[in-house]
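Shown next: structure.csv, containing CSV, C-alpha atoms.
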```csv
chain,number,residue,atom,x,y,z
B,5,MET,CA,10.2,-6.9,12.3
B,6,TYR,CA,7.7,-9.8,12.2
B,7,GLU,CA,5.7,-8.3,15.0
B,8,GLN,CA,5.7,-4.8,13.5
B,9,LEU,CA,4.5,-6.3,10.2
B,10,ARG,CA,1.7,-8.2,12.0
B,11,GLU,CA,0.6,-5.1,13.7
B,12,VAL,CA,0.5,-3.2,10.4
B,13,ALA,CA,-1.4,-6.1,8.8
B,14,ARG,CA,-3.8,-6.2,11.8
B,15,HIS,CA,-4.5,-2.5,11.5
B,16,ARG,CA,-5.0,-2.7,7.7
B,17,LEU,CA,-7.4,-5.6,7.9
B,18,SER,CA,-9.4,-4.3,10.9
B,19,ALA,CA,-11.3,-1.9,8.6
B,20,GLU,CA,-12.3,-4.7,6.2
B,21,ASN,CA,-15.8,-6.0,5.9
B,22,PRO,CA,-16.8,-8.4,8.7
B,23,GLY,CA,-16.9,-11.4,6.3
B,24,HIS,CA,-13.4,-10.8,5.1
B,25,THR,CA,-11.4,-14.0,4.9
B,26,LEU,CA,-7.9,-12.8,5.0
B,27,GLN,CA,-6.3,-12.6,8.5
B,28,ALA,CA,-3.3,-10.4,9.5
B,29,THR,CA,-1.1,-13.4,10.4
B,30,ALA,CA,-2.0,-15.0,7.0
B,31,LEU,CA,-1.2,-11.7,5.2
B,32,VAL,CA,2.2,-11.5,6.9
B,33,HIS,CA,3.0,-15.2,6.3
B,34,GLU,CA,2.0,-14.9,2.6
B,35,ALA,CA,4.2,-11.8,2.3
B,36,PHE,CA,7.2,-13.7,3.9
B,37,LEU,CA,6.6,-16.6,1.5
B,38,ARG,CA,6.5,-14.3,-1.5
B,39,ILE,CA,9.6,-12.3,-0.4
B,40,GLY,CA,11.5,-15.6,0.1
B,41,GLN,CA,10.5,-16.8,-3.4
B,42,ASP,CA,11.2,-13.5,-5.1
B,43,ARG,CA,14.4,-12.4,-3.4
B,44,ARG,CA,17.8,-13.9,-4.2
B,45,VAL,CA,19.8,-10.9,-2.9
B,46,PRO,CA,20.1,-10.1,0.8
B,47,PHE,CA,18.4,-7.0,2.1
B,48,ARG,CA,20.6,-3.9,2.4
B,49,ASP,CA,18.9,-2.8,5.6
B,50,ARG,CA,15.7,-2.6,7.6
B,51,ALA,CA,14.3,0.0,5.3
B,52,HIS,CA,14.9,-2.1,2.2
B,53,PHE,CA,13.1,-5.0,3.9
B,54,PHE,CA,10.1,-2.9,4.7
B,55,ALA,CA,9.9,-1.6,1.2
B,56,VAL,CA,9.9,-5.1,-0.2
B,57,ALA,CA,7.4,-6.3,2.4
B,58,ALA,CA,5.1,-3.3,1.6
B,59,GLU,CA,5.1,-4.3,-2.1
B,60,ALA,CA,4.4,-8.0,-1.2
B,61,MET,CA,1.5,-7.1,1.0
B,62,ARG,CA,0.1,-4.7,-1.6
B,63,ARG,CA,0.2,-7.5,-4.2
B,64,ILE,CA,-1.5,-9.9,-1.9
B,65,LEU,CA,-4.3,-7.5,-1.2
B,66,ILE,CA,-4.7,-6.8,-4.9
B,67,ASP,CA,-4.8,-10.6,-5.6
B,68,HIS,CA,-7.4,-11.0,-2.9
B,69,ALA,CA,-9.5,-8.2,-4.3
B,70,ARG,CA,-9.3,-9.7,-7.8
B,71,ALA,CA,-10.4,-13.0,-6.4
B,72,LYS,CA,-13.5,-11.3,-5.1
B,73,GLY,CA,-14.4,-10.2,-8.6
B,74,ALA,CA,-13.9,-6.5,-7.9
B,75,ALA,CA,-13.3,-3.5,-10.2
B,76,LYS,CA,-16.8,-3.0,-11.5
B,77,ARG,CA,-16.9,0.7,-10.8
B,78,ARG,CA,-14.5,3.4,-9.8
B,79,PRO,CA,-15.0,5.1,-6.4
B,80,PRO,CA,-15.5,8.9,-6.3
B,81,ALA,CA,-12.5,11.0,-5.5
B,82,ALA,CA,-13.7,12.2,-2.1
B,83,GLU,CA,-14.3,8.5,-0.9
B,84,PHE,CA,-10.8,7.6,-2.2
B,85,LEU,CA,-9.1,10.5,-0.4
B,86,SER,CA,-10.8,9.4,2.8
B,87,VAL,CA,-9.4,5.9,2.3
B,88,VAL,CA,-5.9,7.1,1.7
B,89,ASP,CA,-5.9,9.6,4.5
B,90,LEU,CA,-7.4,7.4,7.2
B,91,ALA,CA,-6.7,3.9,5.9
B,92,GLU,CA,-10.2,3.0,6.8
B,93,HIS,CA,-12.8,0.7,5.2
B,94,ARG,CA,-11.3,-0.4,1.9
B,95,ASP,CA,-13.5,-2.5,-0.3
B,96,PRO,CA,-12.0,-4.5,-3.2
B,97,GLU,CA,-13.1,-2.0,-5.8
B,98,GLN,CA,-11.2,0.7,-4.0
B,99,ILE,CA,-8.1,-1.5,-3.8
B,100,MET,CA,-8.3,-2.3,-7.5
B,101,ALA,CA,-8.8,1.4,-8.4
B,102,LEU,CA,-5.8,2.3,-6.2
B,103,ASP,CA,-3.6,-0.4,-7.7
B,104,ALA,CA,-4.4,0.6,-11.3
B,105,ALA,CA,-3.7,4.3,-10.5
B,106,LEU,CA,-0.6,3.3,-8.6
B,107,GLN,CA,0.8,1.4,-11.5
B,108,ARG,CA,0.4,4.5,-13.7
B,109,LEU,CA,2.0,6.6,-11.0
B,110,GLU,CA,4.9,4.2,-10.8
B,111,GLY,CA,5.6,4.8,-14.5
B,112,ALA,CA,5.4,8.6,-14.2
B,113,GLU,CA,6.8,9.2,-10.7
B,114,PRO,CA,8.6,6.2,-9.1
B,115,GLU,CA,9.6,8.1,-5.9
B,116,VAL,CA,6.0,9.3,-5.4
B,117,ALA,CA,4.7,5.8,-5.9
B,118,ALA,CA,7.3,4.5,-3.3
B,119,VAL,CA,5.9,6.9,-0.8
B,120,VAL,CA,2.3,5.7,-1.4
B,121,ARG,CA,3.4,2.0,-1.0
B,122,LEU,CA,5.2,2.6,2.2
B,123,ARG,CA,2.6,5.0,3.8
B,124,PHE,CA,-0.6,3.3,2.6
B,125,PHE,CA,0.3,-0.4,2.2
B,126,ALA,CA,3.0,-0.8,4.9
B,127,GLY,CA,1.5,1.7,7.3
B,128,LEU,CA,4.7,3.5,7.9
B,129,SER,CA,4.7,7.0,9.3
B,130,GLY,CA,6.1,10.0,7.5
B,131,ASN,CA,9.3,9.8,9.4
B,132,GLU,CA,9.6,6.0,8.9
B,133,THR,CA,9.0,6.5,5.2
B,134,ALA,CA,11.6,9.2,5.0
B,135,GLU,CA,14.2,6.9,6.7
B,136,ALA,CA,13.3,4.0,4.3
B,137,LEU,CA,13.7,6.2,1.2
B,138,GLY,CA,16.6,8.2,2.5
B,139,ILE,CA,14.9,11.6,2.1
B,140,SER,CA,13.7,14.2,4.5
B,141,PRO,CA,10.3,14.0,6.3
B,142,ARG,CA,9.4,17.3,4.7
B,143,GLN,CA,10.0,15.8,1.3
B,144,VAL,CA,7.9,12.8,2.2
B,145,ASP,CA,5.0,15.2,3.2
B,146,ARG,CA,5.3,17.0,-0.1
B,147,LEU,CA,5.3,13.8,-2.1
B,148,TRP,CA,2.4,12.3,-0.1
B,149,ALA,CA,0.3,15.4,-0.7
B,150,TYR,CA,1.1,15.3,-4.4
B,151,ALA,CA,0.4,11.6,-4.5
B,152,ARG,CA,-3.0,12.0,-2.9
B,153,ALA,CA,-4.0,14.7,-5.4
B,154,TRP,CA,-2.6,12.8,-8.4
B,155,LEU,CA,-4.3,9.6,-7.4
B,156,ALA,CA,-7.7,11.3,-6.7
B,157,ARG,CA,-7.5,12.9,-10.2
B,158,GLU,CA,-6.7,9.6,-11.8
B,159,ILE,CA,-9.5,7.6,-10.2
B,160,SER,CA,-12.2,10.3,-10.4
B,161,PRO,CA,-14.9,9.6,-13.0
B,162,SER,CA,-14.5,11.8,-16.1
B,163,GLU,CA,-16.5,15.0,-15.9
```
Encoding of this model in structure tokens:
Amino acid sequence: MYEQLREVARHRLSAENPGHTLQATALVHEAFLRIGQDRRVPFRDRAHFFAVAAEAMRRILIDHARAKGAAKRRPPAAEFLSVVDLAEHRDPEQIMALDAALQRLEGAEPEVAAVVRLRFFAGLSGNETAEALGISPRQVDRLWAYARAWLAREISPSE
């Protein structure tokens, strides 16, 4: 699992700006440290571990973005959808906007937010996400499409 998490972290960080200071190994190690500090109950299975690891990596990236003094503007919806669909170049402002919208989504639709965390932050495929959540791949596809539209609406500047 460690190697799979390092590969996910490497992929996520490869699209960052050249001067980005967070490295894939450091991201995984920090996630392991946070998981160890926060968890007193053993993991139910591999899917449960990846769900917890995805949340830890998400929080680390958010903390890193906050440290850079981000969130001064909200990205346009089209730019955000490109980020979600392709997991490409994410600047701190986009991460902050995504986190704020994801927190609102968590309150309204927890299962949809779980799909976003696993697909976007942990880099799991649709099938892996379905396995982790115990739902069908088709349901994951529906929730993922809904999440992208919902998040785009939430972070779009008011007309």
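The space between atom CA of Arg123 of chain B and atom CA of Gln8 of chain B spans 14.1 Å.
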Quiz item: Which one is closest to Arg14 of chain B: B:Ala126, B:Ile159, B:Ala153, B:Val120? Count only C-alpha atoms.
Solution: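 Comparing B:Ala126, B:Ile159, B:Ala153, B:Val120 against Arg14 of chain B, the winner is B:Ala126.
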Self-check item: Residue nearest Arg62 of chain B among B:Glu113, B:Glu34, B:Glu135, B:Glu11 (counting only C-alpha atoms)
Solution: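 With only C-alpha atoms as the atom set, the closest residue is B:Glu34.
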Quiz prompt | Computed interatomic separation between atom CA of Ile66 of chain B and atom CA of Ser160 of chain B (Å) | solution =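 Straight-line distance from atom CA of Ile66 of chain B to atom CA of Ser160 of chain B works out to 19.5 Å.
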Self-check item: Distance criterion (all atoms listed in the file): nearest to Leu102 of chain B out of B:Phe47, B:Phe125, B:Tyr150, B:Phe54
Solution: B:Phe125
Using all atoms listed in the file, which protein or nucleic acid residues come within 9 Å of Leu106 of chain B? Drop anything in the same chain fewer than 5 positions from it, and give the result as a PDB file with C-alpha atoms, keeping the file's coordinate frame.
```
ATOM      1  CA  ALA B 101      -8.800   1.400  -8.400  1.00  0.00           C
ATOM      2  CA  GLY B 111       5.600   4.800 -14.500  1.00  0.00           C
ATOM      3  CA  ALA B 117       4.700   5.800  -5.900  1.00  0.00           C
ATOM      4  CA  VAL B 120       2.300   5.700  -1.400  1.00  0.00           C
ATOM      5  CA  ARG B 121       3.400   2.000  -1.000  1.00  0.00           C
ATOM      6  CA  LEU B 155      -4.300   9.600  -7.400  1.00  0.00           C
TER       7      LEU B 155
END
```
Quiz item: Can you list, as a list in words, every protein, DNA or RNA residue that comes within 10 Å of Phe36 of chain B when you count all atoms listed in the file, leaving out same-chain residues fewer than 2 positions away?
Solution: Tyr6, Ala30, Leu31, Val32, His33, Glu34, Arg38, Ile39, Gly40, Gln41, Asp42, Val56, Ala57, Ala60 and Met61 of chain B
Quiz prompt | Nearest candidate to Gly130 of chain B (options B:Val116, B:His15, B:Leu9, B:Trp148; using all atoms listed in the file) | solution =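 Closest to Gly130 of chain B of all the choices is B:Trp148.
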Got a sec to write segment 131-154 of chain B of the block to a file, N, CA, C and O atoms, as a PDB file, in the first residue's frame?
```pdb
ATOM      1  N   ASN B 131     -13.481   2.075 -10.543  1.00  0.00           N
ATOM      2  CA  ASN B 131     -13.672   0.736  -9.985  1.00  0.00           C
ATOM      3  C   ASN B 131     -13.102   0.634  -8.577  1.00  0.00           C
ATOM      4  O   ASN B 131     -13.695   0.006  -7.702  1.00  0.00           O
ATOM      5  N   GLU B 132     -11.924   1.227  -8.357  1.00  0.00           N
ATOM      6  CA  GLU B 132     -11.327   1.204  -7.017  1.00  0.00           C
ATOM      7  C   GLU B 132     -12.181   1.974  -6.022  1.00  0.00           C
ATOM      8  O   GLU B 132     -12.346   1.559  -4.874  1.00  0.00           O
ATOM      9  N   THR B 133     -12.734   3.095  -6.475  1.00  0.00           N
ATOM     10  CA  THR B 133     -13.615   3.884  -5.615  1.00  0.00           C
ATOM     11  C   THR B 133     -14.868   3.092  -5.270  1.00  0.00           C
ATOM     12  O   THR B 133     -15.312   3.093  -4.123  1.00  0.00           O
ATOM     13  N   ALA B 134     -15.420   2.408  -6.257  1.00  0.00           N
ATOM     14  CA  ALA B 134     -16.613   1.590  -6.023  1.00  0.00           C
ATOM     15  C   ALA B 134     -16.321   0.513  -4.983  1.00  0.00           C
ATOM     16  O   ALA B 134     -17.119   0.289  -4.058  1.00  0.00           O
ATOM     17  N   GLU B 135     -15.180  -0.125  -5.101  1.00  0.00           N
ATOM     18  CA  GLU B 135     -14.801  -1.160  -4.144  1.00  0.00           C
ATOM     19  C   GLU B 135     -14.624  -0.563  -2.743  1.00  0.00           C
ATOM     20  O   GLU B 135     -15.077  -1.133  -1.753  1.00  0.00           O
ATOM     21  N   ALA B 136     -13.973   0.586  -2.680  1.00  0.00           N
ATOM     22  CA  ALA B 136     -13.724   1.223  -1.383  1.00  0.00           C
ATOM     23  C   ALA B 136     -15.011   1.621  -0.680  1.00  0.00           C
ATOM     24  O   ALA B 136     -15.122   1.527   0.543  1.00  0.00           O
ATOM     25  N   LEU B 137     -15.995   2.060  -1.463  1.00  0.00           N
ATOM     26  CA  LEU B 137     -17.254   2.521  -0.873  1.00  0.00           C
ATOM     27  C   LEU B 137     -18.330   1.448  -0.824  1.00  0.00           C
ATOM     28  O   LEU B 137     -19.399   1.668  -0.238  1.00  0.00           O
ATOM     29  N   GLY B 138     -18.081   0.307  -1.464  1.00  0.00           N
ATOM     30  CA  GLY B 138     -19.062  -0.769  -1.452  1.00  0.00           C
ATOM     31  C   GLY B 138     -20.282  -0.472  -2.308  1.00  0.00           C
ATOM     32  O   GLY B 138     -21.394  -0.874  -1.977  1.00  0.00           O
ATOM     33  N   ILE B 139     -20.069   0.246  -3.414  1.00  0.00           N
ATOM     34  CA  ILE B 139     -21.155   0.556  -4.346  1.00  0.00           C
ATOM     35  C   ILE B 139     -20.720   0.133  -5.746  1.00  0.00           C
ATOM     36  O   ILE B 139     -19.562  -0.233  -5.961  1.00  0.00           O
ATOM     37  N   SER B 140     -21.627   0.210  -6.702  1.00  0.00           N
ATOM     38  CA  SER B 140     -21.295  -0.224  -8.060  1.00  0.00           C
ATOM     39  C   SER B 140     -20.487   0.845  -8.790  1.00  0.00           C
ATOM     40  O   SER B 140     -20.611   2.034  -8.501  1.00  0.00           O
ATOM     41  N   PRO B 141     -19.672   0.421  -9.764  1.00  0.00           N
ATOM     42  CA  PRO B 141     -18.929   1.396 -10.570  1.00  0.00           C
ATOM     43  C   PRO B 141     -19.860   2.379 -11.294  1.00  0.00           C
ATOM     44  O   PRO B 141     -19.526   3.550 -11.444  1.00  0.00           O
ATOM     45  N   ARG B 142     -21.008   1.900 -11.703  1.00  0.00           N
ATOM     46  CA  ARG B 142     -21.979   2.776 -12.373  1.00  0.00           C
ATOM     47  C   ARG B 142     -22.460   3.869 -11.416  1.00  0.00           C
ATOM     48  O   ARG B 142     -22.597   5.023 -11.803  1.00  0.00           O
ATOM     49  N   GLN B 143     -22.705   3.504 -10.152  1.00  0.00           N
ATOM     50  CA  GLN B 143     -23.121   4.485  -9.155  1.00  0.00           C
ATOM     51  C   GLN B 143     -22.002   5.500  -8.913  1.00  0.00           C
ATOM     52  O   GLN B 143     -22.263   6.689  -8.774  1.00  0.00           O
ATOM     53  N   VAL B 144     -20.751   5.029  -8.898  1.00  0.00           N
ATOM     54  CA  VAL B 144     -19.616   5.944  -8.736  1.00  0.00           C
ATOM     55  C   VAL B 144     -19.584   6.934  -9.898  1.00  0.00           C
ATOM     56  O   VAL B 144     -19.393   8.146  -9.691  1.00  0.00           O
ATOM     57  N   ASP B 145     -19.792   6.449 -11.124  1.00  0.00           N
ATOM     58  CA  ASP B 145     -19.799   7.337 -12.287  1.00  0.00           C
ATOM     59  C   ASP B 145     -20.885   8.402 -12.164  1.00  0.00           C
ATOM     60  O   ASP B 145     -20.649   9.579 -12.463  1.00  0.00           O
ATOM     61  N   ARG B 146     -22.071   8.003 -11.716  1.00  0.00           N
ATOM     62  CA  ARG B 146     -23.167   8.965 -11.545  1.00  0.00           C
ATOM     63  C   ARG B 146     -22.828  10.001 -10.464  1.00  0.00           C
ATOM     64  O   ARG B 146     -23.043  11.190 -10.646  1.00  0.00           O
ATOM     65  N   LEU B 147     -22.303   9.517  -9.336  1.00  0.00           N
ATOM     66  CA  LEU B 147     -21.957  10.425  -8.245  1.00  0.00           C
ATOM     67  C   LEU B 147     -20.809  11.355  -8.647  1.00  0.00           C
ATOM     68  O   LEU B 147     -20.804  12.534  -8.279  1.00  0.00           O
ATOM     69  N   TRP B 148     -19.853  10.850  -9.413  1.00  0.00           N
ATOM     70  CA  TRP B 148     -18.717  11.648  -9.869  1.00  0.00           C
ATOM     71  C   TRP B 148     -19.196  12.760 -10.809  1.00  0.00           C
ATOM     72  O   TRP B 148     -18.773  13.909 -10.698  1.00  0.00           O
ATOM     73  N   ALA B 149     -20.083  12.418 -11.733  1.00  0.00           N
ATOM     74  CA  ALA B 149     -20.634  13.433 -12.649  1.00  0.00           C
ATOM     75  C   ALA B 149     -21.413  14.489 -11.865  1.00  0.00           C
ATOM     76  O   ALA B 149     -21.282  15.701 -12.116  1.00  0.00           O
ATOM     77  N   TYR B 150     -22.231  14.042 -10.933  1.00  0.00           N
ATOM     78  CA  TYR B 150     -22.990  14.967 -10.087  1.00  0.00           C
ATOM     79  C   TYR B 150     -22.045  15.866  -9.297  1.00  0.00           C
ATOM     80  O   TYR B 150     -22.237  17.077  -9.213  1.00  0.00           O
ATOM     81  N   ALA B 151     -20.999  15.275  -8.712  1.00  0.00           N
ATOM     82  CA  ALA B 151     -20.048  16.035  -7.898  1.00  0.00           C
ATOM     83  C   ALA B 151     -19.356  17.112  -8.723  1.00  0.00           C
ATOM     84  O   ALA B 151     -19.211  18.252  -8.263  1.00  0.00           O
ATOM     85  N   ARG B 152     -18.917  16.772  -9.915  1.00  0.00           N
ATOM     86  CA  ARG B 152     -18.240  17.768 -10.763  1.00  0.00           C
ATOM     87  C   ARG B 152     -19.158  18.939 -11.061  1.00  0.00           C
ATOM     88  O   ARG B 152     -18.747  20.102 -10.975  1.00  0.00           O
ATOM     89  N   ALA B 153     -20.400  18.634 -11.406  1.00  0.00           N
ATOM     90  CA  ALA B 153     -21.340  19.716 -11.707  1.00  0.00           C
ATOM     91  C   ALA B 153     -21.635  20.543 -10.460  1.00  0.00           C
ATOM     92  O   ALA B 153     -21.674  21.778 -10.512  1.00  0.00           O
ATOM     93  N   TRP B 154     -21.856  19.880  -9.340  1.00  0.00           N
ATOM     94  CA  TRP B 154     -22.166  20.575  -8.090  1.00  0.00           C
ATOM     95  C   TRP B 154     -21.003  21.469  -7.675  1.00  0.00           C
ATOM     96  O   TRP B 154     -21.196  22.633  -7.311  1.00  0.00           O
TER      97      TRP B 154
END
```
